[in-house]
Every structure is written in structure tokens, then in C-alpha cells.
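Undergrad: mmCIF, C-alpha atoms and all ligand atoms, file final.cif:
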```
data_final
loop_
_atom_site.label_atom_id
_atom_site.label_comp_id
_atom_site.auth_asym_id
_atom_site.auth_seq_id
_atom_site.Cartn_x
_atom_site.Cartn_y
_atom_site.Cartn_z
CA MET Y 1 -196.02 38.18 76.12
CA ASP Y 2 -197.17 35.18 74.12
CA ILE Y 3 -200.62 33.73 73.80
CA HIS Y 4 -200.65 30.10 74.99
CA ARG Y 5 -203.08 27.49 73.71
CA LEU Y 6 -204.30 25.30 76.56
CA ALA Y 7 -206.98 22.98 75.20
CA PRO Y 8 -209.74 22.80 72.63
CA VAL Y 9 -212.99 24.35 73.81
CA ASP Y 10 -215.27 21.63 75.25
CA ASP Y 11 -212.31 19.26 75.71
CA LEU Y 12 -212.53 19.14 79.50
CA ASN Y 13 -214.96 17.08 81.53
CA HIS Y 14 -216.66 18.48 84.61
CA GLY Y 15 -214.29 18.31 87.56
CA GLU Y 16 -211.20 17.84 85.42
CA ILE Y 17 -207.96 19.54 86.54
CA ARG Y 18 -205.29 19.93 83.88
CA PRO Y 19 -201.88 21.30 84.98
CA PHE Y 20 -199.57 23.51 82.92
CA ASN Y 21 -196.20 25.10 83.47
CA ILE Y 22 -196.14 28.32 81.46
CA GLU Y 23 -193.63 31.14 81.70
CA GLY Y 24 -192.50 29.84 85.09
CA ARG Y 25 -196.04 29.65 86.46
CA TYR Y 26 -197.74 26.48 87.64
CA VAL Y 27 -201.39 26.92 86.69
CA LEU Y 28 -204.44 24.69 86.44
CA LEU Y 29 -207.11 24.61 83.79
CA VAL Y 30 -210.19 23.49 85.70
CA GLN Y 31 -213.68 22.68 84.56
CA GLY Y 32 -216.12 23.87 87.21
CA GLU Y 33 -219.87 24.14 86.98
CA LEU Y 34 -219.64 27.68 85.55
CA GLY Y 35 -217.22 26.60 82.83
CA PRO Y 36 -213.46 26.47 82.41
CA ALA Y 37 -211.18 28.56 84.61
CA LEU Y 38 -207.45 29.07 85.03
CA ILE Y 39 -206.12 29.27 88.60
CA ASP Y 40 -202.72 29.12 90.30
CA GLY Y 41 -201.69 25.59 91.20
CA ILE Y 42 -199.99 26.56 94.46
CA CYS Y 43 -202.37 27.14 97.35
CA PRO Y 44 -202.03 30.62 98.87
CA HIS Y 45 -202.68 29.28 102.37
CA ALA Y 46 -199.55 27.18 102.88
CA GLY Y 47 -198.32 26.02 99.48
CA GLY Y 48 -200.40 22.88 98.94
CA ASP Y 49 -200.72 21.49 95.42
CA LEU Y 50 -204.18 22.44 94.17
CA GLY Y 51 -203.47 20.22 91.17
CA LYS Y 52 -203.95 17.24 93.49
CA GLY Y 53 -207.18 18.70 94.83
CA SER Y 54 -210.75 18.12 93.77
CA VAL Y 55 -213.52 20.14 92.21
CA SER Y 56 -216.89 20.69 93.83
CA GLY Y 57 -219.41 22.90 92.06
CA ASN Y 58 -217.43 25.96 91.05
CA ARG Y 59 -214.70 25.58 93.67
CA ILE Y 60 -211.45 23.68 93.98
CA GLN Y 61 -210.50 22.11 97.29
CA CYS Y 62 -206.89 22.02 98.43
CA PRO Y 63 -205.77 18.54 99.49
CA THR Y 64 -203.57 19.84 102.32
CA HIS Y 65 -205.99 21.58 104.71
CA LYS Y 66 -209.17 21.15 102.66
CA TYR Y 67 -209.92 24.85 102.08
CA PHE Y 68 -212.00 25.77 99.04
CA PHE Y 69 -211.20 28.41 96.41
CA ASP Y 70 -213.69 29.90 93.98
CA LEU Y 71 -212.58 29.17 90.42
CA GLN Y 72 -213.63 32.59 89.09
CA THR Y 73 -212.29 34.82 91.89
CA GLY Y 74 -209.68 32.65 93.65
CA VAL Y 75 -211.20 33.70 96.96
CA SER Y 76 -211.55 31.36 99.90
CA PRO Y 77 -214.06 32.56 102.50
CA LEU Y 78 -211.63 31.46 105.20
CA GLY Y 79 -208.74 33.30 103.57
CA ARG Y 80 -210.71 36.53 103.51
CA ARG Y 81 -211.25 36.18 107.25
CA GLU Y 82 -207.68 35.25 108.10
CA GLY Y 83 -205.85 37.59 105.74
CA TRP Y 84 -204.23 35.34 103.13
CA GLY Y 85 -205.08 34.64 99.53
CA PRO Y 86 -206.81 34.79 97.14
CA ALA Y 87 -205.34 32.34 94.63
CA GLY Y 88 -204.39 33.96 91.33
CA VAL Y 89 -206.91 33.55 88.52
CA TYR Y 90 -206.38 34.44 84.88
CA PRO Y 91 -208.83 35.31 82.11
CA LEU Y 92 -209.23 32.73 79.37
CA GLU Y 93 -209.74 33.71 75.76
CA GLU Y 94 -211.30 31.57 73.07
CA ILE Y 95 -209.24 31.74 69.89
CA ASP Y 96 -209.81 29.50 66.87
CA GLY Y 97 -211.62 26.92 69.00
CA TYR Y 98 -208.97 26.80 71.74
CA LEU Y 99 -208.92 28.07 75.31
CA CYS Y 100 -205.94 30.41 75.52
CA VAL Y 101 -204.20 32.64 78.04
CA GLU Y 102 -201.88 35.59 77.78
CA PHE Y 103 -200.17 36.61 81.00
CA SER Y 104 -199.72 40.35 81.39
S1 LIG J 201 -202.12 24.57 101.99
FE1 LIG J 201 -204.00 24.65 100.93
S2 LIG J 201 -205.50 24.81 102.45
FE2 LIG J 201 -203.60 24.85 103.52
#
```
What is this structure when it is put down as C-alpha cells?
Ligand code: FES
TA:
Amino acid sequence: MDIHRLAPVDDLNHGEIRPFNIEGRYVLLVQGELGPALIDGICPHAGGDLGKGSVSGNRIQCPTHKYFFDLQTGVSPLGRREGWGPAGVYPLEEIDGYLCVEFS
């Protein structure tokens, strides 16, 4: 698998959502209050586009049914209760001043 450069470190503003299509995956680089995170762009509840959502604290809110997902764990409290989710999250690496990901 390849390492993919996403953005320079410190390039994102708080609340920014930056979409990528990498190796057939639609993922979002998101700047939450705990720092940058990479999360699946398709909502695990019913397929909403998290890329059109909004960021609040360290969570992203789906625009379709308004559920929240933690940017570090992908977990929605509601999803845990109802048996769907979490959203996929992927570890970011910092390489030569860039945020990078390598899918396993
Ligand atoms: S599709 Fe995202 S909350 Fe329902």
C-alpha cells in the first residue's frame, strides 16, 4: 500500500472538512478541537454524505439525520445503542511536514 500525502501540517482551519478519494475510499480530513482526523465520508447510519456535514468540538454531524460522530473513534452514541456504526477512522502520520495516511 502507498503512503498518501493529504495536506501540510497546520494547513487546516478549525471546523474544516477536506474530502479525498483514495484507493476507492471516500474519506474526510477534518480539523476538530483535538486536531486533525481522517474519517469515512459515508455515514454508517444510512449513507449520508458526512462531507456536507459540520464540525462541532471534536465531532462531525451528518447532514441527513443530524447524528454526531466522534472524530477520533468514529462512534456515535446513538449508533452504539441502535447497533450500527461506527464510522471508519484512520491513523494519520506526520511525514516531512505533511499529514499522511497509509491504508492497511
Ligand atoms: S444518514 Fe447520517 S445520520 Fe442518518
Undergrad: Once 3 Å is added on each side, what are the centre and the three edge lengths, in Å to one decimal, of the axis-aligned box enclosing the listed atoms of ligand LIG 201 (chain J)? Present them as JSON.
TA:
```
{"center_x": -203.8, "center_y": 24.7, "center_z": 102.2, "size_x": 9.4, "size_y": 6.3, "size_z": 8.6}
```
Undergrad: Distance table requested - chain Y against ligand LIG 201 (chain J), cut-off 8 Å, all atoms listed in the file: one row per qualifying residue with the closest atom pair and its distance in Å to one decimal, ordered by chain and rising residue number, as a tab-separated table.
TA:
```
residue	atom	partner	partner_atom	distance
Y:Ile42	CA	J:LIG201	FE1	7.8
Y:Cys43	CA	J:LIG201	FE1	4.7
Y:Pro44	CA	J:LIG201	FE1	6.6
Y:His45	CA	J:LIG201	FE2	4.7
Y:Ala46	CA	J:LIG201	S1	3.8
Y:Gly47	CA	J:LIG201	S1	4.8
Y:Gly48	CA	J:LIG201	S1	3.9
Y:Asp49	CA	J:LIG201	FE1	7.1
Y:Leu50	CA	J:LIG201	FE1	7.1
Y:Gln61	CA	J:LIG201	S2	7.7
Y:Cys62	CA	J:LIG201	FE1	4.6
Y:Pro63	CA	J:LIG201	FE1	6.5
Y:Thr64	CA	J:LIG201	S1	5.0
Y:His65	CA	J:LIG201	S2	4.0
Y:Lys66	CA	J:LIG201	S2	5.2
Y:Tyr67	CA	J:LIG201	S2	4.4
Y:Phe68	CA	J:LIG201	S2	7.4
```
Undergrad: Using C-alpha atoms, can you export the residues from the last selection as a PDB file, in the frame of the given file?
TA:
```pdb
ATOM      1  CA  ILE Y  42    -199.990  26.560  94.460  1.00  0.00           C
ATOM      2  CA  CYS Y  43    -202.370  27.140  97.350  1.00  0.00           C
ATOM      3  CA  PRO Y  44    -202.030  30.620  98.870  1.00  0.00           C
ATOM      4  CA  HIS Y  45    -202.680  29.280 102.370  1.00  0.00           C
ATOM      5  CA  ALA Y  46    -199.550  27.180 102.880  1.00  0.00           C
ATOM      6  CA  GLY Y  47    -198.320  26.020  99.480  1.00  0.00           C
ATOM      7  CA  GLY Y  48    -200.400  22.880  98.940  1.00  0.00           C
ATOM      8  CA  ASP Y  49    -200.720  21.490  95.420  1.00  0.00           C
ATOM      9  CA  LEU Y  50    -204.180  22.440  94.170  1.00  0.00           C
ATOM     10  CA  GLN Y  61    -210.500  22.110  97.290  1.00  0.00           C
ATOM     11  CA  CYS Y  62    -206.890  22.020  98.430  1.00  0.00           C
ATOM     12  CA  PRO Y  63    -205.770  18.540  99.490  1.00  0.00           C
ATOM     13  CA  THR Y  64    -203.570  19.840 102.320  1.00  0.00           C
ATOM     14  CA  HIS Y  65    -205.990  21.580 104.710  1.00  0.00           C
ATOM     15  CA  LYS Y  66    -209.170  21.150 102.660  1.00  0.00           C
ATOM     16  CA  TYR Y  67    -209.920  24.850 102.080  1.00  0.00           C
ATOM     17  CA  PHE Y  68    -212.000  25.770  99.040  1.00  0.00           C
TER      18      PHE Y  68
END
```
Undergrad: Y:Arg25: which residues within 9 Å, counting only C-alpha atoms, same-chain residues fewer than 3 positions away excluded, as a PDB file with C-alpha atoms, keeping the file's coordinate frame?
TA:
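Saved the output as part-v8.pdb:
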```
ATOM      1  CA  PHE Y  20    -199.570  23.510  82.920  1.00  0.00           C
ATOM      2  CA  ASN Y  21    -196.200  25.100  83.470  1.00  0.00           C
ATOM      3  CA  ILE Y  22    -196.140  28.320  81.460  1.00  0.00           C
ATOM      4  CA  ASP Y  40    -202.720  29.120  90.300  1.00  0.00           C
ATOM      5  CA  GLY Y  41    -201.690  25.590  91.200  1.00  0.00           C
TER       6      GLY Y  41
END
```
Undergrad: Expressed in Å to a single decimal, how great is the separation between atom CA of Y:Glu16 and atom CA of Y:Leu99?
TA: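 A separation of 14.6 Å between them.
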Undergrad: Please determine, counting only C-alpha atoms, which residue among Y:Glu23, Y:Leu29, Y:Ile39, Y:Phe69 has the shortest atom-to-atom distance to Y:Asp2.
TA: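 Checking each candidate against Y:Asp2, we get Y:Glu23 as the closest.
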Undergrad: Could you state the separation of atom CA of Y:Leu92 and atom CA of Y:Pro77 in Å, given to one decimal place?
TA: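 We find that atom CA of Y:Leu92 and atom CA of Y:Pro77 lie 23.6 Å from each other.
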Undergrad: Excluding same-chain residues fewer than 6 positions from Y:Gln31, what lies within 12 Å of it counting all atoms listed in the file, as a list in words?
TA: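 Once the adjacent positions are removed, what remains is Ala7, Val9, Asp10, Asp11, Leu12, Asn13, His14, Gly15, Glu16, Ile17, Arg18, Pro19, Ala37, Leu38, Ile39, Ser54, Val55, Ser56, Gly57, Asn58, Arg59, Ile60, Asp70, Leu71, Gln72 and Leu99 of chain Y.
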Undergrad: Using atom CA of Y:Glu33 and atom CA of Y:Ser104 as the two end points, give the distance in Å to one decimal.
TA: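 Between atom CA of Y:Glu33 and atom CA of Y:Ser104 the gap works out to 26.5 Å.
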Undergrad: So that I can check the surroundings of Y:Ile3, please list as number ranges by chain every protein, DNA and RNA residue that reaches within 12 Å of it, counting all atoms listed in the file and ignoring chain neighbours fewer than 2 positions away.
TA: Y: 1, 5-6, 22-23, 91-95, 98-104
Undergrad: Please determine, counting all atoms listed in the file, which residue among Y:Gly83, Y:Gly88, Y:Gly53, Y:Gly97 has the shortest atom-to-atom distance to Y:Tyr26.
TA: Y:Gly88
